[in-house]
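Chemist: After the structure tokens below, expect a handful of questions from me.
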Amino acid sequence: MILDEVFNKYADKIPPAPTPGGVYKPLIIVGKMVYVSGHGPNLPDGSQHTGKVGSEVDEAFGKEAAFQTGLTMLATLKAEFGSLTKVKRVVKLLGMVNADPDFENHPKVINGCSELFEEVWGYENGLGSRSAVGFGSLPGRISVEIEGQFEIH
């Protein structure tokens, strides 16, 4: 399964494309690059995955939050382009985990998003460079926030 087929596979989990909660744009297109602002783990019912990974929620919950964040990013990309086929590849992700100071598995949490994008665009185009870091807090106590850079056709 690729691109829009994967999007359709997860249709019941994909939230509407979020509107900005501050003074910024959800994405910016510069040449053949799309810069997607930080997204959170939005759910279709309007709620979000919340809680500090490592103390309030476990690593598996954090990974699911990263997966849901990836779905939220796909919603934004599809809303902009009408189809995911316009996106050629993932270039870079910055994954931010709302983590307890003793939590050490930030990359394993952000794998939830990276594995989704690999499913959508394949190994060569779905996996880009990446950073996965811990934060003391994130807006609204969300468990994960991810921003991304994508190349478009």
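Note on naming: chains are A, B, ... as they come in the structure tokens, residues start from 1 per chain, ligands start from 1 in the order shown.
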Quick one: residues within 9 Å of A:Val109, only C-alpha atoms, excluding same-chain residues fewer than 4 positions away - as a list of chain:residue names?
Modeler: A:Val53, A:Glu59, A:Ala60, A:Phe61, A:Gly62, A:Lys63, A:Glu64, A:Ala65, A:Ala66, A:Phe67, A:Gly95, A:Val97, A:Asn105, A:Cys113, A:Ala132, A:Val144
Chemist: Give me a file of those residues, with C-alpha atoms, as an mmCIF file, in the first residue's frame.
Modeler:
```
data_model
loop_
_atom_site.group_PDB
_atom_site.id
_atom_site.type_symbol
_atom_site.label_atom_id
_atom_site.label_comp_id
_atom_site.auth_asym_id
_atom_site.auth_seq_id
_atom_site.Cartn_x
_atom_site.Cartn_y
_atom_site.Cartn_z
ATOM 1 C CA VAL A 53 6.190 10.013 28.748
ATOM 2 C CA GLU A 59 6.703 4.498 26.017
ATOM 3 C CA ALA A 60 4.069 2.565 24.019
ATOM 4 C CA PHE A 61 1.566 5.387 24.581
ATOM 5 C CA GLY A 62 4.206 7.880 23.442
ATOM 6 C CA LYS A 63 4.851 5.864 20.277
ATOM 7 C CA GLU A 64 1.111 5.798 19.553
ATOM 8 C CA ALA A 65 1.047 9.581 20.106
ATOM 9 C CA ALA A 66 3.856 9.964 17.547
ATOM 10 C CA PHE A 67 1.926 7.770 15.093
ATOM 11 C CA GLY A 95 10.373 14.890 17.094
ATOM 12 C CA VAL A 97 8.722 14.216 23.383
ATOM 13 C CA ASN A 105 13.991 6.356 24.662
ATOM 14 C CA CYS A 113 5.740 8.646 13.098
ATOM 15 C CA ALA A 132 14.242 12.982 18.584
ATOM 16 C CA VAL A 144 4.545 14.512 21.311
#
```
Chemist: Just checking: using only C-alpha atoms, which residue out of A:Leu138, A:Leu43, A:Ile146, A:Leu77 ends up closest to A:Leu94?
Modeler: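 Once distances to A:Leu94 are computed over only C-alpha atoms, the minimum belongs to A:Ile146.
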Chemist: To one decimal place, how far is atom CA of A:Gly122 from atom CA of A:Phe150 in Å?
Modeler: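 Separation of atom CA of A:Gly122 and atom CA of A:Phe150: 14.0 Å.
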Chemist: Determine the nearest neighbour of A:Phe7 from the options A:Ser137, A:Ser83, A:Ser131, A:Gln149, counting only C-alpha atoms.
Modeler: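 The shortest atom-to-atom distance to A:Phe7 comes from A:Ser83.
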Chemist: Just list as a PyMOL selection string whatever in stretch 44-153 of chain A DSSP marks as strand (DSSP E).
Modeler: chain A and resi 87-98+129-135+144-152
Chemist: Quick one: which stretch 31-90 of chain A residues come within 9 Å of stretch 18-25 of chain A, and what is the nearest atom pair for each with the distance in Å to one decimal, counting only C-alpha atoms, rows ordered by chain and ascending number, as CSV?
Modeler:
```
residue,atom,partner,partner_atom,distance
A:Val36,CA,A:Lys25,CA,8.5
A:Ser37,CA,A:Lys25,CA,7.2
A:His39,CA,A:Pro18,CA,8.3
A:Asn42,CA,A:Pro18,CA,8.1
A:Thr72,CA,A:Pro18,CA,7.6
A:Met73,CA,A:Pro18,CA,8.9
A:Ala75,CA,A:Pro18,CA,8.1
A:Thr76,CA,A:Pro18,CA,7.0
```
Chemist: For a quick check of understanding, using only C-alpha atoms, which of A:Lys108, A:Lys86, A:His153, A:Lys78 has the smallest distance to A:Ile14?
Modeler: A:Lys78
Chemist: Select from stretch 102-135 of chain A everything DSSP, run on the backbone, classes as alpha helix (DSSP H), then give the selection as a VMD selection string.
Modeler: chain A and resid 106 to 126
Chemist: Could you tell me which of A:Ser114, A:Thr85, A:Thr50, A:Asn8 comes closest to A:Arg141 if we count only C-alpha atoms?
Modeler: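 Comparing A:Ser114, A:Thr85, A:Thr50, A:Asn8 against A:Arg141, the winner is A:Thr50.
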Chemist: Find the residues near A:Tyr123: any atom within 12 Å, counting only C-alpha atoms, skip ones fewer than 5 places away on the same chain, and give them as a PyMOL selection string.
Modeler: chain A and resi 2+89-90+114-118+128
Chemist: The selected residues should be written to file as a compact mmCIF listing (two decimals), in the first residue's frame (atoms: N, CA and C atoms).
Modeler:
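Now in again.txt:
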```txt
# COMPACT_ATOMS: atom_id res chain seq x y z
N ILE A 2 0.49 2.23 -0.76
CA ILE A 2 1.28 3.46 -0.80
C ILE A 2 0.36 4.67 -0.79
N ARG A 89 9.15 13.00 -0.94
CA ARG A 89 9.90 12.31 0.11
C ARG A 89 9.94 13.11 1.40
N VAL A 90 10.19 12.40 2.48
CA VAL A 90 10.46 13.01 3.78
C VAL A 90 11.94 13.40 3.78
N SER A 114 7.85 7.86 12.19
CA SER A 114 8.76 7.43 11.11
C SER A 114 8.27 6.15 10.45
N GLU A 115 7.79 5.20 11.24
CA GLU A 115 7.28 3.95 10.67
C GLU A 115 6.04 4.19 9.80
N LEU A 116 5.19 5.13 10.22
CA LEU A 116 4.03 5.49 9.39
C LEU A 116 4.48 6.08 8.07
N PHE A 117 5.41 7.02 8.11
CA PHE A 117 5.87 7.66 6.87
C PHE A 117 6.59 6.67 5.96
N GLU A 118 7.29 5.70 6.55
CA GLU A 118 7.90 4.64 5.73
C GLU A 118 6.81 3.82 5.04
N GLY A 128 13.66 10.03 6.30
CA GLY A 128 14.61 11.11 6.09
C GLY A 128 15.54 11.21 7.28
```
